[in-house]
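Participant: If it helps, the file is called data.cif and holds mmCIF, C-alpha atoms:
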```
data_data
loop_
_atom_site.group_PDB
_atom_site.id
_atom_site.type_symbol
_atom_site.label_atom_id
_atom_site.label_comp_id
_atom_site.auth_asym_id
_atom_site.auth_seq_id
_atom_site.Cartn_x
_atom_site.Cartn_y
_atom_site.Cartn_z
ATOM 1 C CA MET A 869 128.042 104.862 102.192
ATOM 2 C CA GLU A 870 127.705 101.378 100.725
ATOM 3 C CA SER A 871 128.300 100.985 96.982
ATOM 4 C CA ASN A 872 125.259 101.340 94.749
ATOM 5 C CA ILE A 873 125.495 99.757 91.296
ATOM 6 C CA LEU A 874 122.171 101.283 90.293
ATOM 7 C CA PHE A 875 123.262 104.866 90.918
ATOM 8 C CA PRO A 876 127.048 104.548 90.390
ATOM 9 C CA ASP A 877 127.975 108.224 90.723
ATOM 10 C CA LEU A 878 125.235 109.287 93.065
ATOM 11 C CA GLU A 879 127.553 111.664 94.926
ATOM 12 C CA ASN A 880 128.679 113.480 91.776
ATOM 13 C CA ARG A 881 128.387 117.170 92.714
ATOM 14 C CA VAL A 882 129.366 118.768 89.386
ATOM 15 C CA PHE A 883 126.596 121.335 88.991
ATOM 16 C CA VAL A 884 125.617 122.753 85.624
ATOM 17 C CA ASN A 885 122.245 124.391 86.300
ATOM 18 C CA ASP A 886 120.839 126.264 89.271
ATOM 19 C CA GLU A 887 117.399 124.773 89.979
ATOM 20 C CA ILE A 888 114.840 122.281 88.656
ATOM 21 C CA LYS A 889 111.216 122.068 89.788
ATOM 22 C CA LEU A 890 109.429 118.724 89.689
ATOM 23 C CA TYR A 891 106.160 116.894 90.263
ATOM 24 C CA LEU A 892 106.190 113.272 91.458
ATOM 25 C CA TYR A 893 103.457 110.666 90.929
ATOM 26 C CA ALA A 894 103.481 107.375 92.815
ATOM 27 C CA ASP A 895 101.644 104.083 92.560
ATOM 28 C CA GLU A 896 102.188 100.502 93.682
ATOM 29 C CA ILE A 897 101.442 96.918 92.748
ATOM 30 C CA LYS A 898 100.583 95.015 95.883
ATOM 31 C CA LYS A 899 101.959 91.595 96.779
ATOM 32 C CA PHE A 900 101.405 88.862 94.166
ATOM 33 C CA SER A 901 103.053 85.637 92.945
ATOM 34 C CA ASN A 902 104.564 85.384 89.472
ATOM 35 C CA LEU A 903 104.943 82.371 87.170
ATOM 36 C CA ASN A 904 108.203 81.391 88.887
ATOM 37 C CA GLY A 905 106.458 81.181 92.270
ATOM 38 C CA GLU A 906 108.185 84.299 93.613
ATOM 39 C CA SER A 907 106.348 86.861 95.723
ATOM 40 C CA TRP A 908 106.783 90.440 94.466
ATOM 41 C CA MET A 909 105.527 93.971 94.989
ATOM 42 C CA TYR A 910 106.382 97.113 93.013
ATOM 43 C CA ILE A 911 106.790 100.814 93.696
ATOM 44 C CA GLY A 912 106.553 103.144 90.715
ATOM 45 C CA LEU A 913 107.499 106.815 90.424
ATOM 46 C CA VAL A 914 106.825 109.088 87.464
ATOM 47 C CA ILE A 915 108.770 112.347 87.616
ATOM 48 C CA ILE A 916 107.724 115.317 85.489
ATOM 49 C CA THR A 917 109.503 118.644 85.303
ATOM 50 C CA GLU A 918 107.447 121.780 85.805
ATOM 51 C CA ASP A 919 108.571 123.032 82.387
ATOM 52 C CA GLU A 920 107.353 119.905 80.571
ATOM 53 C CA LYS A 921 104.196 119.206 82.569
ATOM 54 C CA ASN A 922 101.738 121.151 80.404
ATOM 55 C CA GLU A 923 103.126 119.688 77.185
ATOM 56 C CA LEU A 924 102.848 116.137 78.546
ATOM 57 C CA PHE A 925 99.304 116.758 79.771
ATOM 58 C CA HIS A 926 98.237 117.998 76.332
ATOM 59 C CA CYS A 927 99.881 114.954 74.722
ATOM 60 C CA LEU A 928 97.900 112.645 77.011
ATOM 61 C CA MET A 929 94.671 114.526 76.273
ATOM 62 C CA ARG A 930 95.245 114.453 72.497
ATOM 63 C CA ALA A 931 95.746 110.719 72.772
ATOM 64 C CA ARG A 932 92.439 110.397 74.638
ATOM 65 C CA LYS A 933 90.674 112.319 71.889
ATOM 66 C CA ASP A 934 92.301 110.257 69.139
ATOM 67 C CA ALA A 935 91.394 106.986 70.881
ATOM 68 C CA ASN A 936 87.905 108.259 71.759
ATOM 69 C CA TYR A 937 88.234 107.031 75.351
ATOM 70 C CA SER A 938 87.519 109.428 78.235
ATOM 71 C CA ARG A 939 87.187 107.156 81.286
ATOM 72 C CA GLU A 940 89.792 105.949 83.792
ATOM 73 C CA LEU A 941 92.594 103.851 82.345
ATOM 74 C CA HIS A 942 93.834 100.831 84.330
ATOM 75 C CA PHE A 943 96.391 98.368 83.013
ATOM 76 C CA ARG A 944 94.590 95.450 84.630
ATOM 77 C CA ASP A 945 91.530 96.224 82.457
ATOM 78 C CA ILE A 946 93.381 96.045 79.113
ATOM 79 C CA ASN A 947 91.832 92.925 77.588
ATOM 80 C CA ARG A 948 91.342 93.167 73.832
ATOM 81 C CA LEU A 949 93.799 94.026 71.068
ATOM 82 C CA SER A 950 93.995 97.680 70.057
ATOM 83 C CA GLU A 951 92.069 97.260 66.801
ATOM 84 C CA ARG A 952 89.095 96.027 68.831
ATOM 85 C CA SER A 953 89.315 98.283 71.895
ATOM 86 C CA GLU A 954 89.393 102.074 72.338
ATOM 87 C CA LYS A 955 90.813 101.513 75.828
ATOM 88 C CA THR A 956 93.751 99.494 74.483
ATOM 89 C CA GLN A 957 94.319 102.060 71.731
ATOM 90 C CA LEU A 958 94.682 104.783 74.370
ATOM 91 C CA CYS A 959 97.039 102.657 76.459
ATOM 92 C CA LYS A 960 99.145 102.031 73.355
ATOM 93 C CA LYS A 961 99.325 105.765 72.602
ATOM 94 C CA TRP A 962 100.403 106.531 76.169
ATOM 95 C CA ILE A 963 103.162 103.909 75.956
ATOM 96 C CA GLU A 964 104.285 105.504 72.678
ATOM 97 C CA ILE A 965 104.521 108.851 74.498
ATOM 98 C CA THR A 966 106.567 107.189 77.255
ATOM 99 C CA LEU A 967 108.917 105.626 74.675
ATOM 100 C CA SER A 968 109.243 108.846 72.684
ATOM 101 C CA GLU A 969 112.728 110.056 71.770
ATOM 102 C CA ASN A 970 111.835 113.596 72.896
ATOM 103 C CA ARG A 971 114.666 115.750 74.203
ATOM 104 C CA PRO A 972 114.063 116.809 76.897
ATOM 105 C CA ARG A 973 112.200 113.658 77.872
ATOM 106 C CA LEU A 974 108.561 114.180 78.846
ATOM 107 C CA VAL A 975 108.234 111.079 81.060
ATOM 108 C CA ASN A 976 110.895 110.176 83.626
ATOM 109 C CA PHE A 977 110.264 107.153 85.819
ATOM 110 C CA HIS A 978 111.753 104.581 88.166
ATOM 111 C CA ILE A 979 110.371 101.162 89.062
ATOM 112 C CA LEU A 980 111.527 99.244 92.129
ATOM 113 C CA GLY A 981 110.636 95.570 92.431
ATOM 114 C CA LEU A 982 110.789 94.077 95.918
ATOM 115 C CA ASN A 983 111.306 90.318 95.998
ATOM 116 C CA LEU A 984 109.323 89.541 99.126
ATOM 117 C CA SER A 985 110.440 85.906 98.939
ATOM 118 C CA ASN A 986 114.006 87.069 99.679
ATOM 119 C CA LEU A 987 113.190 89.884 102.079
ATOM 120 C CA GLN A 988 113.791 89.251 105.774
ATOM 121 C CA HIS A 989 110.479 90.600 107.070
ATOM 122 C CA GLN A 990 111.504 90.429 110.730
ATOM 123 C CA ALA A 991 114.009 93.209 110.065
ATOM 124 C CA PHE A 992 111.074 95.591 109.588
ATOM 125 C CA GLY A 993 109.563 95.376 113.044
ATOM 126 C CA GLU A 994 106.516 93.675 114.485
ATOM 127 C CA LYS A 995 104.415 91.579 112.098
ATOM 128 C CA LYS A 996 101.425 93.925 112.211
ATOM 129 C CA GLY A 997 103.402 96.860 110.789
ATOM 130 C CA GLN A 998 105.880 95.058 108.536
ATOM 131 C CA ALA A 999 104.125 95.718 105.213
ATOM 132 C CA ARG A 1000 103.759 99.421 106.013
ATOM 133 C CA ASN A 1001 107.378 99.726 107.189
ATOM 134 C CA ILE A 1002 108.686 97.965 104.091
ATOM 135 C CA TYR A 1003 106.779 100.296 101.783
ATOM 136 C CA ASN A 1004 107.740 103.420 103.754
ATOM 137 C CA ARG A 1005 111.428 102.513 103.791
ATOM 138 C CA PHE A 1006 111.759 101.741 100.103
ATOM 139 C CA PHE A 1007 109.473 104.524 98.925
ATOM 140 C CA ARG A 1008 111.714 107.004 100.709
ATOM 141 C CA SER A 1009 114.996 105.542 99.423
ATOM 142 C CA THR A 1010 113.700 105.269 95.851
ATOM 143 C CA THR A 1011 112.443 108.848 95.870
ATOM 144 C CA SER A 1012 115.673 110.230 97.328
ATOM 145 C CA ASN A 1013 118.011 108.272 95.048
ATOM 146 C CA CYS A 1014 116.052 109.110 91.897
ATOM 147 C CA LEU A 1015 116.045 112.813 92.659
ATOM 148 C CA LYS A 1016 119.778 112.867 93.370
ATOM 149 C CA TYR A 1017 120.796 110.700 90.417
ATOM 150 C CA TYR A 1018 118.444 111.902 87.685
ATOM 151 C CA PHE A 1019 118.972 115.569 88.508
ATOM 152 C CA ALA A 1020 122.562 115.552 89.783
ATOM 153 C CA LYS A 1021 123.583 118.529 87.635
ATOM 154 C CA TYR A 1022 121.271 120.915 89.505
ATOM 155 C CA LYS A 1023 122.307 122.880 92.576
ATOM 156 C CA LYS A 1024 118.765 122.849 93.914
ATOM 157 C CA ILE A 1025 115.913 120.363 93.393
ATOM 158 C CA THR A 1026 112.433 121.545 94.357
ATOM 159 C CA VAL A 1027 109.583 119.049 94.445
ATOM 160 C CA LYS A 1028 106.339 120.957 94.093
ATOM 161 C CA THR A 1029 104.088 118.057 95.199
ATOM 162 C CA ILE A 1030 104.161 114.282 95.525
ATOM 163 C CA PHE A 1031 100.840 112.820 94.343
ATOM 164 C CA HIS A 1032 100.052 109.244 95.376
ATOM 165 C CA ASP A 1033 97.217 106.996 94.283
ATOM 166 C CA ARG A 1034 94.662 106.855 97.092
ATOM 167 C CA ASN A 1035 95.033 103.764 99.307
ATOM 168 C CA GLU A 1036 95.195 102.725 102.956
ATOM 169 C CA LEU A 1037 98.458 104.660 103.475
ATOM 170 C CA GLU A 1038 96.382 107.828 103.451
ATOM 171 C CA ASN A 1039 95.432 106.988 107.055
ATOM 172 C CA ASP A 1040 98.977 106.124 108.141
ATOM 173 C CA GLU A 1041 100.244 108.456 110.860
ATOM 174 C CA LEU A 1042 103.755 108.672 109.369
ATOM 175 C CA PHE A 1043 103.722 108.097 105.629
ATOM 176 C CA ASP A 1044 102.301 111.359 104.292
ATOM 177 C CA TRP A 1045 104.972 113.551 105.965
ATOM 178 C CA HIS A 1046 107.852 111.351 107.133
ATOM 179 C CA THR A 1047 109.403 110.687 103.713
ATOM 180 C CA ILE A 1048 109.499 114.405 102.935
ATOM 181 C CA TRP A 1049 110.917 115.311 106.347
ATOM 182 C CA ARG A 1050 113.652 112.658 106.176
ATOM 183 C CA ILE A 1051 114.785 113.563 102.669
ATOM 184 C CA GLU A 1052 114.949 117.273 103.469
ATOM 185 C CA THR A 1053 116.861 116.509 106.677
ATOM 186 C CA GLU A 1054 119.423 114.337 104.884
ATOM 187 C CA GLU A 1055 119.727 116.099 101.507
ATOM 188 C CA GLU A 1056 120.657 119.765 101.552
ATOM 189 C CA LYS A 1057 119.873 120.384 97.862
ATOM 190 C CA ILE A 1058 116.347 118.857 97.912
ATOM 191 C CA SER A 1059 113.285 120.719 99.183
ATOM 192 C CA PHE A 1060 109.521 120.273 99.019
ATOM 193 C CA ASP A 1061 106.924 122.997 98.558
ATOM 194 C CA ASN A 1062 104.135 120.764 99.859
ATOM 195 C CA ARG A 1063 104.981 119.289 103.271
ATOM 196 C CA ASN A 1064 102.639 116.298 102.839
ATOM 197 C CA ILE A 1065 102.104 113.655 100.182
ATOM 198 C CA CYS A 1066 98.817 114.350 98.420
ATOM 199 C CA PHE A 1067 96.574 111.306 98.001
ATOM 200 C CA ILE A 1068 94.197 111.537 95.044
ATOM 201 C CA ASP A 1069 91.741 109.280 93.244
ATOM 202 C CA SER A 1070 93.218 107.864 90.052
ATOM 203 C CA ASP A 1071 89.830 108.326 88.375
ATOM 204 C CA HIS A 1072 89.729 111.896 87.043
ATOM 205 C CA LEU A 1073 85.927 111.710 86.911
ATOM 206 C CA LYS A 1074 85.824 111.132 90.690
ATOM 207 C CA GLU A 1075 88.742 113.289 91.866
ATOM 208 C CA LYS A 1076 87.327 116.668 92.886
ATOM 209 C CA ASP A 1077 90.418 118.690 93.833
ATOM 210 C CA PHE A 1078 93.091 117.571 91.348
ATOM 211 C CA PRO A 1079 91.372 115.886 88.375
ATOM 212 C CA ASN A 1080 94.192 116.743 85.945
ATOM 213 C CA GLU A 1081 96.753 115.062 88.206
ATOM 214 C CA SER A 1082 94.732 111.838 88.092
ATOM 215 C CA HIS A 1083 95.787 111.320 84.466
ATOM 216 C CA PHE A 1084 99.434 111.206 85.544
ATOM 217 C CA ILE A 1085 98.585 108.618 88.222
ATOM 218 C CA GLN A 1086 96.923 106.546 85.482
ATOM 219 C CA LEU A 1087 100.081 106.896 83.378
ATOM 220 C CA THR A 1088 102.123 105.615 86.334
ATOM 221 C CA ASP A 1089 99.757 102.634 86.604
ATOM 222 C CA ILE A 1090 100.212 101.837 82.891
ATOM 223 C CA ILE A 1091 104.019 101.986 83.120
ATOM 224 C CA LEU A 1092 104.044 99.804 86.254
ATOM 225 C CA GLY A 1093 101.595 97.281 84.810
ATOM 226 C CA ALA A 1094 103.446 96.947 81.496
ATOM 227 C CA ALA A 1095 106.789 96.506 83.261
ATOM 228 C CA SER A 1096 105.409 93.866 85.626
ATOM 229 C CA LEU A 1097 103.855 91.912 82.773
ATOM 230 C CA CYS A 1098 107.223 91.904 80.993
ATOM 231 C CA LEU A 1099 108.970 90.647 84.114
ATOM 232 C CA ASP A 1100 106.335 88.362 85.627
ATOM 233 C CA LYS A 1101 103.920 87.345 82.825
ATOM 234 C CA THR A 1102 100.972 87.305 85.205
ATOM 235 C CA ASN A 1103 98.209 87.123 82.581
ATOM 236 C CA ASN A 1104 97.510 86.074 78.987
ATOM 237 C CA ARG A 1105 95.100 88.844 77.976
ATOM 238 C CA GLU A 1106 95.706 89.888 74.387
ATOM 239 C CA GLY A 1107 95.536 93.626 75.012
ATOM 240 C CA SER A 1108 97.851 93.583 78.034
ATOM 241 C CA ASN A 1109 100.395 91.490 76.169
ATOM 242 C CA GLU A 1110 100.266 93.817 73.154
ATOM 243 C CA ILE A 1111 101.160 96.738 75.420
ATOM 244 C CA ALA A 1112 103.841 94.791 77.306
ATOM 245 C CA GLN A 1113 105.533 93.745 74.076
ATOM 246 C CA MET A 1114 105.730 97.421 73.058
ATOM 247 C CA PHE A 1115 107.423 98.202 76.409
ATOM 248 C CA LEU A 1116 109.698 95.142 76.368
ATOM 249 C CA PRO A 1117 112.696 96.660 74.476
ATOM 250 C CA LEU A 1118 113.014 99.452 77.053
ATOM 251 C CA ILE A 1119 112.612 97.057 79.991
ATOM 252 C CA GLU A 1120 115.335 94.799 78.538
ATOM 253 C CA ARG A 1121 117.721 97.743 78.347
ATOM 254 C CA LEU A 1122 116.942 99.044 81.835
ATOM 255 C CA ASN A 1123 117.364 95.507 83.221
ATOM 256 C CA ASP A 1124 120.876 95.193 81.746
ATOM 257 C CA ASN A 1125 123.710 96.595 83.908
ATOM 258 C CA ARG A 1126 125.730 97.566 80.849
ATOM 259 C CA ARG A 1127 123.008 99.026 78.630
ATOM 260 C CA ALA A 1128 121.171 100.810 81.473
ATOM 261 C CA ASN A 1129 123.993 103.382 81.593
ATOM 262 C CA ASN A 1130 124.174 103.972 77.836
ATOM 263 C CA PRO A 1131 123.866 107.753 77.251
ATOM 264 C CA ASN A 1132 123.446 107.212 73.495
ATOM 265 C CA SER A 1133 120.371 104.972 73.515
ATOM 266 C CA LYS A 1134 117.612 105.981 71.106
ATOM 267 C CA TYR A 1135 115.158 105.761 74.019
ATOM 268 C CA ASN A 1136 116.946 108.642 75.773
ATOM 269 C CA TYR A 1137 116.623 106.971 79.199
ATOM 270 C CA PHE A 1138 120.054 107.643 80.722
ATOM 271 C CA ARG A 1139 119.518 109.412 84.082
ATOM 272 C CA LYS A 1140 115.820 109.608 83.217
ATOM 273 C CA CYS A 1141 114.360 106.085 83.533
ATOM 274 C CA GLY A 1142 115.352 103.200 85.761
ATOM 275 C CA LEU A 1143 114.511 99.693 86.924
ATOM 276 C CA SER A 1144 115.879 97.971 90.015
ATOM 277 C CA PHE A 1145 115.208 94.998 92.285
ATOM 278 C CA PHE A 1146 115.869 94.123 95.922
ATOM 279 C CA PRO A 1147 117.204 91.975 97.531
ATOM 280 C CA LYS A 1148 119.357 89.687 95.394
ATOM 281 C CA LYS A 1149 119.305 86.849 97.932
ATOM 282 C CA ARG A 1150 117.723 86.080 101.279
ATOM 283 C CA LEU A 1151 119.875 86.797 104.331
ATOM 284 C CA THR A 1152 119.453 85.682 107.908
ATOM 285 C CA LEU A 1153 119.055 88.289 110.634
ATOM 286 C CA GLU A 1154 122.661 87.573 111.646
ATOM 287 C CA GLN A 1155 123.950 88.084 108.091
ATOM 288 C CA LEU A 1156 122.101 91.406 107.906
ATOM 289 C CA LYS A 1157 124.474 92.725 110.561
ATOM 290 C CA ASP A 1158 127.413 92.156 108.204
ATOM 291 C CA ARG A 1159 127.983 95.095 105.828
ATOM 292 C CA TRP A 1160 129.653 92.901 103.201
ATOM 293 C CA GLU A 1161 126.744 90.457 103.188
ATOM 294 C CA ARG A 1162 124.256 93.329 102.859
ATOM 295 C CA THR A 1163 126.175 94.720 99.896
ATOM 296 C CA ARG A 1164 126.275 91.336 98.152
ATOM 297 C CA SER A 1165 122.538 90.959 98.592
ATOM 298 C CA GLY A 1166 121.589 94.525 97.748
ATOM 299 C CA PHE A 1167 119.954 96.138 94.742
ATOM 300 C CA TYR A 1168 120.457 94.416 91.424
ATOM 301 C CA LYS A 1169 119.526 94.101 87.764
ATOM 302 C CA ASN A 1170 119.763 91.314 85.160
ATOM 303 C CA ARG A 1171 116.647 89.604 86.390
ATOM 304 C CA PRO A 1172 115.035 86.949 84.123
ATOM 305 C CA ILE A 1173 112.339 88.521 81.926
ATOM 306 C CA ILE A 1174 109.583 85.923 81.828
ATOM 307 C CA LEU A 1175 107.687 87.494 78.901
ATOM 308 C CA ARG A 1176 110.802 87.253 76.692
ATOM 309 C CA GLU A 1177 111.348 83.649 77.779
ATOM 310 C CA LYS A 1178 107.747 82.766 76.917
ATOM 311 C CA MET A 1179 107.983 84.522 73.549
ATOM 312 C CA SER A 1180 111.227 82.683 72.754
ATOM 313 C CA GLY A 1181 109.622 79.383 73.730
ATOM 314 C CA GLN A 1182 106.701 80.025 71.415
ATOM 315 C CA GLU A 1183 109.086 80.904 68.568
ATOM 316 C CA ASN A 1184 111.059 77.695 69.127
ATOM 317 C CA LEU A 1185 107.848 75.659 69.194
ATOM 318 C CA PHE A 1186 106.702 77.287 65.937
ATOM 319 C CA GLN A 1187 110.046 76.473 64.311
ATOM 320 C CA LYS A 1188 109.726 72.820 65.379
ATOM 321 C CA VAL A 1189 106.217 72.596 63.948
ATOM 322 C CA ARG A 1190 107.410 74.051 60.640
ATOM 323 C CA ARG A 1191 110.200 71.457 60.411
ATOM 324 C CA ILE A 1192 107.695 68.661 61.051
#
```
Using the file provided, produce a representation of the structure as structure tokens.
Facilitator:
Amino acid sequence: MESNILFPDLENRVFVNDEIKLYLYADEIKKFSNLNGESWMYIGLVIITEDEKNELFHCLMRARKDANYSRELHFRDINRLSERSEKTQLCKKWIEITLSENRPRLVNFHILGLNLSNLQHQAFGEKKGQARNIYNRFFRSTTSNCLKYYFAKYKKITVKTIFHDRNELENDELFDWHTIWRIETEEEKISFDNRNICFIDSDHLKEKDFPNESHFIQLTDIILGAASLCLDKTNNREGSNEIAQMFLPLIERLNDNRRANNPNSKYNYFRKCGLSFFPKKRLTLEQLKDRWERTRSGFYKNRPIILREKMSGQENLFQKVRRI
């Protein structure tokens, strides 16, 4: 097994508890270009324990009532500052829940950023299926690694259901079952009650079968959107930036190799929240055959955070104006 700086003791088999039961919620940000001209996409997972699910749901619903906003929540629609927008107020409350110091933590998540500018697309098959193969491959590895690392102390990990925001993958002949089959085949301690990924509408007013689960998909969207805005600074909307600045301290910690493994952080994120990127540099098809080259260009952290750079630039400009 190649070294993995993101999950340093992934094979730690010191068990403390017998079993944990989980629900997984998945969303994505499709290919886009950031301010540095890089092409990125993101995969986001929110992981909720069965024991904490009802409490988290009630927290989200109380926040809706307090903000007086009952419709679907999308990060891309957060425009105005919270004092002028019920929608932004709700988004702010949900971020506060995500940042809460609760023990046990109500919201566990992992975000994987794929630098498509560095990815060797030809390694993922014919051009027509490359995007699908890339998503399938990294969705599976992210899911497997998070389950093993976040819940390493358990002898048995049972995933009740994986819920995914409805998209074109719903019609893919492999995606809805292949990830589950592969993980169960390779990981003895992980099992799934539902043999297929369940695609649902993120709008709880439209989702007929699992409307309550739609709120957790919306939460995943908010976490993904706030993280991407911190890292990529893709828009200047006041509301979105207000939310991203709230999330920035956690993103800075998760992006730092040293602080990401701090078990004493006030955010209580150790083995509960994570951020990673791939690949560190672009390799040729020939270099991909070399294990050492693959390791050097593998998963990484310490990526420039564009929102922080922009904020620092504005502060420096303000200081210059004051001196003038």
Participant: Between atom CA of A:Phe925 and atom CA of A:His978, what is the distance in Å, rounded to a tenth?
Facilitator: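 Atom-to-atom, atom CA of A:Phe925 to atom CA of A:His978, that is 19.3 Å.
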Participant: Given all atoms listed in the file, how would the per-residue table for stretch 1032-1087 of chain A near stretch 949-960 of chain A read, listing every residue at most 12 Å away with its closest atom pair and distance in Å to one decimal, sorted by chain and number, as a Markdown table?
Facilitator:
```
| residue | atom | partner | partner_atom | distance |
| --- | --- | --- | --- | --- |
| A:His1083 | CA | A:Cys959 | CA | 11.9 |
| A:Gln1086 | CA | A:Cys959 | CA | 9.8 |
| A:Leu1087 | CA | A:Cys959 | CA | 8.7 |
```
Participant: Using the chain letters and numbering of this document, enumerate as number ranges by chain the residues selected by the PyMOL selection byres ((chain A and resi 1024-1039) around 6).
Facilitator: A: 887-895, 1022-1023, 1040, 1057-1062, 1065-1070
Participant: Do you have the atom CA of A:Leu1143-atom CA of A:Asn1123 distance handy?
Facilitator: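 Here the two named atoms are 6.3 Å from each other.
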Participant: Would you please work out which residue, of A:Glu906, A:Glu1177, A:Asp1100, A:Asp886, is nearest to A:Leu987 when using all atoms listed in the file?
Facilitator: A:Glu906
Participant: Which residue, A:Arg1139, A:Ser1012, A:Lys1169, A:Pro972, has the smallest gap to A:Arg1126 when you use only C-alpha atoms?
Facilitator: A:Lys1169
Participant: Applied to the shown file, which residues does the PyMOL selection byres ((chain A and resi 1003-1007) around 12) return, written as an MDAnalysis selection string?
Facilitator: chainID A and resid 892:899 909:913 978:982 984 989 991:993 997:1002 1008:1014 1030 1032 1036:1037 1040:1048 1050:1051 1065 1144:1147 1167
Participant: Name the residues, using the chain letters and numbers of the file, that sit within 12 Å of (106.0, 121.8, 80.6) when counting all atoms listed in the file, and give them as a PyMOL selection string.
Facilitator: chain A and resi 888-891+916-927+972-975
Participant: At what distance in Å, to one decimal, does atom CA of A:Arg944 lie from atom CA of A:Asn976?
Facilitator: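 Between atom CA of A:Asn976 and atom CA of A:Arg944 the gap is 22.0 Å.
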Participant: For A:Phe1138, which of A:His1072, A:Arg939, A:Arg930, A:Arg971 is the closest residue, counting all atoms listed in the file?
Facilitator: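 Checking each candidate against A:Phe1138, we get A:Arg971 as the closest.
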